[in-house]
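Structure record follows, encoded as structure tokens.
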Amino acid sequence: MTPCSHHPTPPLSSFSFSRTETTADPLSLTPRPRSTFNPRPPPPPPTRLSCSTAHTPEMVKAIRVHELGGLEAMRWEEVEVGEPKDGEIRVKNTAVGVNFIDVYFRKGVYPATLPFTPGMEAVGVVTAVGPGLTGRKVGDVVAYAGKPMGSYAEEQILPANVVVPVPPSIDHRTAAAIMLKGMTVHVLVRRVFKVESGHTVLVHAAAGGVGSLLCQWANALGATVIGTVSSEEKAAHATQDGCHHVIMYTKEDVAARVKEITDGKGVNVVYDSVGKDTYRASLESLAPHGYLVSFGQSSGSPDISIGDLAPKSLFLTRPSMMHYTGTRDELLQSAGEVFSNVANGVLRIRVNHTYPLSEAARAHADLEARKTSGSILLIPDN
Ligand SMILES: NC(=O)c1ccc[n+]([C@@H]2O[C@H](COP(=O)([O-])OP(=O)(O)OC[C@H]3O[C@@H](n4cnc5c(N)ncnc54)[C@H](OP(=O)(O)O)[C@@H]3O)[C@@H](O)[C@H]2O)c1
């Protein structure tokens with residue numbers, strides 16, 4: 001049901017790092033129904049981002065979620081940052097990426113142990129390295145995307161093997177705006193379904209953080225790109241980002257418009273991150289043997305059954321970027337392609353919204369209200 005295209009990939013960008021083990025923390029981002037989590041938070045344990053040894057604790061500010069649900073659950077608090085242990089580094093964040101997955105965790109769509117510091121993407125400067133670690137040093141500028149959660153913090157401890165060096169040509173904010181979203185797009189267009197010249201692709205939420213980059217990359221690969229958006233302003237962004245056709249999915253019949261645009265043929269692939277509100281139109285818009293890549297659920301989970309695939313022998317996959325970047329080699333390959341595409345101009349980054357880190361709740365409110373386009377950053381207050 002979920003075959004992937006296996007095609008040759010372009011050469012790796014050169015990244016060096018002396019430890020090559022894979023991440024110790026396996027990924028399990030299986031959505032679960034809201035009704036299964038306990039709405040009563042356990043009593044808060046001592047607030048710390050990492051275990052520390054006996055000496056005076058160093059305190060930093062971070063966002064903490066003590067109960068699942070609304071924006072009020074996000075509190076700006078002092079937390080303790082421990083010393084990095086074996087295989088770890090401490091990083092002072094300079095720019096933190098906001099992603100829709102942060103909303104899912106805050107609301108309990110994905111499970112997390114309370115209390116927690118949200119955030120799965122940041123760029124920062126290494127301030128300490130764990131004993132015996134080579135290949136990373138104080139002062140290095142590094143980026144990470146994915147696990148561990150906890151980037152909504154002024155400083156955090158990270159396993160050294162999840163960070164990549166940021167090329168000097170790429171500034172901190174650009175790197176934080178593109179790390180998670182760019183690697184997601186790399187996975188979507190190069191590995192999950194390999195987009196090629198002559199393909200027609202449909203991208204929902206085309207002006208969003210991931211959508212904006214997805215349209216640019218698919219266009220650069222030679223595809224005809226159809227994007228859906230909710231407003232005229234977002235339609236203009238989508239056009240600038242390489243959409244050949246833009247559909248206002250809040251007003252227009254998506255499947256009918258796709259049929260018209262493709263002369264009845266349908267599209268080869270739909271990249272659907274909206275889910276509940278779009279999956280029916282996605283299925284209808286596909287050509288025979290087309291791929292429905294369901295990679296998110298901003299509007300709720302899609303209710304697809306295997307029988308929905310039968311009329312056109314469709315393929316369905318539900319990928320997570322993290323499952324495709326779980327080894328050090330995969331991570332370096334993905335980040336390398338993203339940074340190369342920034343350097344060579346294929347990807348132009350829209351950082352349309354920045355907020356002080358302490359006001360992360362405002363960023364979440366705007367993201368959930370569909371007021372944002374492009375990437376969203378939190379900038380540490382100090
Ligand atoms: N599977 C993975 O590995 C992976 C990795 C990264 C991101 N994602 C997914 O990709 C999607 C985009 O993430 P992002 O961080 O870049 O967010 P985003 O696209 O910037 O924001 C979400 C967009 O979705 C659209 N949308 C449609 N219905 C919505 C609703 N009911 N509520 C909120 N938004 C709605 C809105 O665009 P319009 O106003 O144009 O409708 C909104 O701007 C998310 O679903 C996320 O979970 C998946």
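The chains in the structure tokens are called A, B, ... from first to last as shown; in each chain the residues are counted from 1, and the ligands are counted from 1 in the order shown.
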Around ligand 1, at most 8 Å away and counting only C-alpha atoms and all ligand atoms, which residues are there? Put them as a ChimeraX atom specification, please.
-> /A:98-101,104,180-181,184,204-211,228-231,234,249-250,273-275,277,294-300,318-323,367-376
Next, the residues of the selection above should be written as a CSV table (one decimal), in the first residue's frame with N, CA and C atoms.
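Output saved as part_6.csv:
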chain,number,residue,atom,x,y,z
A,98,VAL,N,8.9,27.5,14.6
A,98,VAL,CA,7.6,27.0,15.0
A,98,VAL,C,7.0,26.1,13.9
A,99,ASN,N,6.4,25.0,14.3
A,99,ASN,CA,5.8,24.1,13.4
A,99,ASN,C,4.5,23.6,13.9
A,100,PHE,N,3.7,23.2,13.0
A,100,PHE,CA,2.3,22.7,13.4
A,100,PHE,C,2.4,21.6,14.3
A,101,ILE,N,3.4,20.8,14.3
A,101,ILE,CA,3.5,19.6,15.2
A,101,ILE,C,3.6,20.1,16.6
A,104,TYR,N,0.1,20.2,17.7
A,104,TYR,CA,-0.4,18.8,18.0
A,104,TYR,C,0.0,18.4,19.4
A,180,LEU,N,13.5,22.1,9.7
A,180,LEU,CA,12.4,21.0,9.8
A,180,LEU,C,11.6,21.0,8.5
A,181,LYS,N,11.2,22.2,8.1
A,181,LYS,CA,10.3,22.3,6.9
A,181,LYS,C,11.0,21.9,5.6
A,184,THR,N,11.6,18.2,5.6
A,184,THR,CA,10.3,17.5,5.3
A,184,THR,C,10.0,17.5,3.8
A,204,HIS,N,-1.7,21.1,-1.0
A,204,HIS,CA,-2.6,21.8,-0.1
A,204,HIS,C,-1.8,22.7,0.8
A,205,ALA,N,-2.5,23.8,1.2
A,205,ALA,CA,-1.9,24.8,2.1
A,205,ALA,C,-0.6,25.3,1.5
A,206,ALA,N,-0.7,25.7,0.2
A,206,ALA,CA,0.5,26.0,-0.6
A,206,ALA,C,1.3,27.2,-0.1
A,207,ALA,N,0.7,28.0,0.7
A,207,ALA,CA,1.5,29.2,1.2
A,207,ALA,C,2.0,29.0,2.6
A,208,GLY,N,1.8,27.8,3.2
A,208,GLY,CA,2.2,27.6,4.6
A,208,GLY,C,3.7,27.4,4.6
A,209,GLY,N,4.2,27.1,5.8
A,209,GLY,CA,5.7,26.9,6.0
A,209,GLY,C,6.2,25.8,5.1
A,210,VAL,N,5.7,24.6,5.2
A,210,VAL,CA,6.1,23.5,4.4
A,210,VAL,C,5.6,23.7,2.9
A,211,GLY,N,4.4,24.2,2.8
A,211,GLY,CA,3.8,24.3,1.4
A,211,GLY,C,4.6,25.2,0.5
A,228,THR,N,-3.3,24.9,-3.3
A,228,THR,CA,-4.6,25.4,-2.7
A,228,THR,C,-4.2,26.3,-1.5
A,229,VAL,N,-5.0,27.4,-1.4
A,229,VAL,CA,-4.9,28.4,-0.3
A,229,VAL,C,-6.2,28.9,0.1
A,230,SER,N,-6.2,29.7,1.2
A,230,SER,CA,-7.5,30.2,1.7
A,230,SER,C,-7.8,31.7,1.4
A,231,SER,N,-6.8,32.4,0.9
A,231,SER,CA,-7.0,33.8,0.7
A,231,SER,C,-6.2,34.3,-0.5
A,234,LYS,N,-2.5,34.8,0.2
A,234,LYS,CA,-1.8,33.6,0.2
A,234,LYS,C,-1.7,33.1,-1.3
A,249,TYR,N,-9.3,27.0,-2.0
A,249,TYR,CA,-10.1,25.8,-1.6
A,249,TYR,C,-11.2,26.1,-0.7
A,250,THR,N,-11.2,27.4,-0.2
A,250,THR,CA,-12.3,27.8,0.7
A,250,THR,C,-13.6,28.2,-0.1
A,273,SER,N,-1.5,18.0,3.7
A,273,SER,CA,-1.2,18.2,5.2
A,273,SER,C,-2.4,18.7,5.9
A,274,VAL,N,-3.5,18.9,5.2
A,274,VAL,CA,-4.7,19.5,5.8
A,274,VAL,C,-5.6,18.4,6.4
A,275,GLY,N,-5.7,17.3,5.6
A,275,GLY,CA,-6.4,16.1,6.2
A,275,GLY,C,-7.9,16.1,6.0
A,277,ASP,N,-10.4,18.1,6.0
A,277,ASP,CA,-11.2,19.0,5.1
A,277,ASP,C,-10.8,18.8,3.6
A,294,SER,N,-0.3,11.7,2.6
A,294,SER,CA,-1.0,12.4,3.7
A,294,SER,C,0.0,12.6,4.8
A,295,PHE,N,0.5,13.8,4.9
A,295,PHE,CA,1.6,14.0,5.8
A,295,PHE,C,1.3,15.0,7.0
A,296,GLY,N,0.0,15.3,7.2
A,296,GLY,CA,-0.4,16.1,8.3
A,296,GLY,C,-1.9,16.2,8.4
A,297,GLN,N,-2.4,16.9,9.4
A,297,GLN,CA,-3.8,17.0,9.6
A,297,GLN,C,-4.2,18.3,10.3
A,298,SER,N,-3.8,19.4,9.7
A,298,SER,CA,-4.1,20.7,10.3
A,298,SER,C,-5.6,20.9,10.6
A,299,SER,N,-6.5,20.2,9.8
A,299,SER,CA,-7.9,20.4,10.0
A,299,SER,C,-8.5,19.2,10.7
A,300,GLY,N,-7.7,18.2,11.1
A,300,GLY,CA,-8.2,17.0,11.7
A,300,GLY,C,-7.8,15.8,10.8
A,318,ARG,N,1.6,7.6,4.7
A,318,ARG,CA,1.5,8.6,5.8
A,318,ARG,C,2.9,8.8,6.4
A,319,PRO,N,3.8,9.6,5.7
A,319,PRO,CA,5.2,9.6,6.1
A,319,PRO,C,5.4,10.6,7.3
A,320,SER,N,6.5,10.3,8.0
A,320,SER,CA,7.0,11.3,9.0
A,320,SER,C,8.4,11.6,8.5
A,321,MET,N,8.8,12.9,8.5
A,321,MET,CA,10.1,13.3,8.1
A,321,MET,C,11.1,12.6,9.0
A,322,MET,N,10.8,12.4,10.3
A,322,MET,CA,11.7,11.9,11.2
A,322,MET,C,12.1,10.4,10.9
A,323,HIS,N,11.2,9.7,10.4
A,323,HIS,CA,11.5,8.3,10.0
A,323,HIS,C,12.4,8.2,8.8
A,367,LEU,N,-1.0,30.8,14.1
A,367,LEU,CA,-0.8,29.6,13.2
A,367,LEU,C,-2.1,28.8,13.1
A,368,GLU,N,-2.7,28.6,14.3
A,368,GLU,CA,-4.0,27.8,14.3
A,368,GLU,C,-5.1,28.6,13.6
A,369,ALA,N,-5.1,29.9,13.7
A,369,ALA,CA,-6.1,30.7,13.1
A,369,ALA,C,-5.9,31.0,11.6
A,370,ARG,N,-4.9,30.3,11.0
A,370,ARG,CA,-4.6,30.4,9.6
A,370,ARG,C,-4.2,31.8,9.2
A,371,LYS,N,-3.6,32.6,10.1
A,371,LYS,CA,-3.2,33.9,9.8
A,371,LYS,C,-1.8,34.0,9.3
A,372,THR,N,-1.1,32.9,9.3
A,372,THR,CA,0.4,32.9,9.0
A,372,THR,C,0.6,32.4,7.6
A,373,SER,N,1.7,32.8,7.0
A,373,SER,CA,2.2,32.1,5.7
A,373,SER,C,3.7,32.0,5.9
A,374,GLY,N,4.3,31.1,5.1
A,374,GLY,CA,5.7,30.9,5.2
A,374,GLY,C,6.1,30.5,6.6
A,375,SER,N,7.4,30.7,7.0
A,375,SER,CA,7.9,30.2,8.2
A,375,SER,C,7.7,31.2,9.4
A,376,ILE,N,7.6,30.6,10.6
A,376,ILE,CA,7.4,31.4,11.8
A,376,ILE,C,8.6,31.1,12.7
From a DSSP pass on the backbone, collect the residues of stretch 69-215 of chain A flagged as alpha helix (DSSP H) and hand them back as JSON, numbers by chain.
-> {"A": [100, 101, 102, 103, 104, 105, 106, 107, 172, 173, 174, 175, 176, 177, 178, 179, 180, 181, 182, 183, 184, 185, 186, 209, 210, 211, 212, 213, 214, 215]}
Save out the residues we just selected, C-alpha atoms, as a CSV table (one decimal), in the first residue's frame.
chain,number,residue,atom,x,y,z
A,100,PHE,CA,2.3,22.7,13.4
A,101,ILE,CA,3.5,19.6,15.2
A,102,ASP,CA,4.1,21.9,18.2
A,103,VAL,CA,0.3,22.6,18.2
A,104,TYR,CA,-0.4,18.8,18.0
A,105,PHE,CA,1.7,18.2,21.1
A,106,ARG,CA,0.3,21.1,23.0
A,107,LYS,CA,-3.2,19.8,22.4
A,172,HIS,CA,20.7,31.7,11.9
A,173,ARG,CA,17.1,32.8,11.1
A,174,THR,CA,17.1,31.3,7.7
A,175,ALA,CA,18.5,28.0,9.0
A,176,ALA,CA,15.9,27.9,11.7
A,177,ALA,CA,13.1,28.7,9.2
A,178,ILE,CA,14.1,25.9,6.9
A,179,MET,CA,15.6,23.0,8.9
A,180,LEU,CA,12.4,21.0,9.8
A,181,LYS,CA,10.3,22.3,6.9
A,182,GLY,CA,13.0,22.0,4.3
A,183,MET,CA,14.0,18.4,5.3
A,184,THR,CA,10.3,17.5,5.3
A,185,VAL,CA,10.1,18.8,1.7
A,186,HIS,CA,13.2,16.9,0.8
A,209,GLY,CA,5.7,26.9,6.0
A,210,VAL,CA,6.1,23.5,4.4
A,211,GLY,CA,3.8,24.3,1.4
A,212,SER,CA,5.8,27.3,0.3
A,213,LEU,CA,9.0,25.3,0.1
A,214,LEU,CA,7.3,22.3,-1.4
A,215,CYS,CA,5.9,24.3,-4.3
For A:Met149: contacts at 8 Å, only C-alpha atoms, fewer than 4 positions along chain excluded, given as JSON, numbers by chain = {"A": [117, 118, 119, 120]}
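Take the candidates A:Ala112, A:Met59, A:Ala238, A:Val141 and check each one against A:Glu155 using only C-alpha atoms; the shortest distance goes to A:Met59.
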Kindly indicate which residue among A:Leu68, A:Ala160, A:Ala145, A:Val258 lies nearest to A:Glu88, using only C-alpha atoms for the distances.
->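 Looking at the shortest contact to A:Glu88, the residue is A:Ala160.
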Go through stretch 93-159 of chain A and flag each residue having an atom no more than 12 Å from stretch 324-330 of chain A; for those, report the closest pair of atoms plus their distance in Å to one decimal, using only C-alpha atoms, ordered by chain and rising number, as CSV.
residue,atom,partner,partner_atom,distance
A:Tyr144,CA,A:Thr325,CA,11.3
A:Ala145,CA,A:Thr325,CA,9.7
A:Gly146,CA,A:Thr325,CA,9.1
A:Lys147,CA,A:Gly326,CA,9.8
A:Pro159,CA,A:Arg328,CA,11.9
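Taking atom CA of A:Gly198 and atom CA of A:Ala310 as the two end points, the separation is 24.8 Å.
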Atom CA of A:Gly130 to atom CA of A:Val163 measures 14.1 Å
Apply DSSP to the backbone of this structure and, from stretch 113-149 of chain A, keep only the residues in strand (DSSP E); write these as a VMD selection string.
-> chain A and resid 121 to 129 141 to 145
Now that the selection is made, can you save its residues with N, CA and C atoms as a PDB file, in the first residue's frame?
ATOM      1  N   GLU A 121      12.730  22.401  16.664  1.00  0.00           N
ATOM      2  CA  GLU A 121      13.607  22.974  15.623  1.00  0.00           C
ATOM      3  C   GLU A 121      14.281  24.218  16.193  1.00  0.00           C
ATOM      4  N   ALA A 122      15.591  24.299  16.058  1.00  0.00           N
ATOM      5  CA  ALA A 122      16.290  25.506  16.527  1.00  0.00           C
ATOM      6  C   ALA A 122      17.673  25.588  15.911  1.00  0.00           C
ATOM      7  N   VAL A 123      18.180  26.802  15.921  1.00  0.00           N
ATOM      8  CA  VAL A 123      19.577  27.052  15.570  1.00  0.00           C
ATOM      9  C   VAL A 123      20.196  27.749  16.770  1.00  0.00           C
ATOM     10  N   GLY A 124      21.441  27.440  17.059  1.00  0.00           N
ATOM     11  CA  GLY A 124      22.081  28.077  18.203  1.00  0.00           C
ATOM     12  C   GLY A 124      23.578  27.876  18.194  1.00  0.00           C
ATOM     13  N   VAL A 125      24.195  28.368  19.276  1.00  0.00           N
ATOM     14  CA  VAL A 125      25.649  28.306  19.406  1.00  0.00           C
ATOM     15  C   VAL A 125      25.981  27.330  20.539  1.00  0.00           C
ATOM     16  N   VAL A 126      26.929  26.444  20.286  1.00  0.00           N
ATOM     17  CA  VAL A 126      27.320  25.462  21.297  1.00  0.00           C
ATOM     18  C   VAL A 126      28.028  26.191  22.443  1.00  0.00           C
ATOM     19  N   THR A 127      27.534  25.954  23.682  1.00  0.00           N
ATOM     20  CA  THR A 127      28.136  26.603  24.855  1.00  0.00           C
ATOM     21  C   THR A 127      28.894  25.615  25.739  1.00  0.00           C
ATOM     22  N   ALA A 128      28.687  24.334  25.547  1.00  0.00           N
ATOM     23  CA  ALA A 128      29.447  23.326  26.307  1.00  0.00           C
ATOM     24  C   ALA A 128      29.331  21.995  25.586  1.00  0.00           C
ATOM     25  N   VAL A 129      30.383  21.183  25.711  1.00  0.00           N
ATOM     26  CA  VAL A 129      30.319  19.839  25.111  1.00  0.00           C
ATOM     27  C   VAL A 129      30.548  18.794  26.203  1.00  0.00           C
ATOM     28  N   VAL A 141      28.130  26.842  15.328  1.00  0.00           N
ATOM     29  CA  VAL A 141      26.728  27.160  15.050  1.00  0.00           C
ATOM     30  C   VAL A 141      26.069  25.897  14.496  1.00  0.00           C
ATOM     31  N   VAL A 142      25.041  25.441  15.192  1.00  0.00           N
ATOM     32  CA  VAL A 142      24.413  24.166  14.813  1.00  0.00           C
ATOM     33  C   VAL A 142      22.897  24.329  14.704  1.00  0.00           C
ATOM     34  N   ALA A 143      22.296  23.399  13.981  1.00  0.00           N
ATOM     35  CA  ALA A 143      20.837  23.383  13.828  1.00  0.00           C
ATOM     36  C   ALA A 143      20.353  21.970  14.075  1.00  0.00           C
ATOM     37  N   TYR A 144      19.100  21.861  14.545  1.00  0.00           N
ATOM     38  CA  TYR A 144      18.500  20.528  14.641  1.00  0.00           C
ATOM     39  C   TYR A 144      17.016  20.627  14.338  1.00  0.00           C
ATOM     40  N   ALA A 145      16.445  19.508  13.946  1.00  0.00           N
ATOM     41  CA  ALA A 145      15.006  19.442  13.680  1.00  0.00           C
ATOM     42  C   ALA A 145      14.528  18.043  14.020  1.00  0.00           C
TER      43      ALA A 145
END
Which residue of A:Lys85, A:Arg190, A:Gln156, A:Met248 approaches A:Ala236 most closely, using only C-alpha atoms |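 Ranking A:Lys85, A:Arg190, A:Gln156, A:Met248 by distance to A:Ala236, first place goes to A:Met248.
You can rank A:Val96, A:Leu332, A:Leu133, A:Leu377 by their closest distance to A:Val162 using only C-alpha atoms, and at the top of that list sits A:Leu332.
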Counting only C-alpha atoms, closest pick from A:Trp217, A:Ser285, A:Pro115, A:Leu378 relative to A:Val351 is A:Leu378
Which is closest to A:Val81 among A:Val187, A:Ala256, A:Asp140, A:Gly150, if we use only C-alpha atoms?
-> A:Gly150
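The interatomic distance for the pair atom CA of A:Gly266 and atom CA of A:Val346 works out to 26.3 Å.
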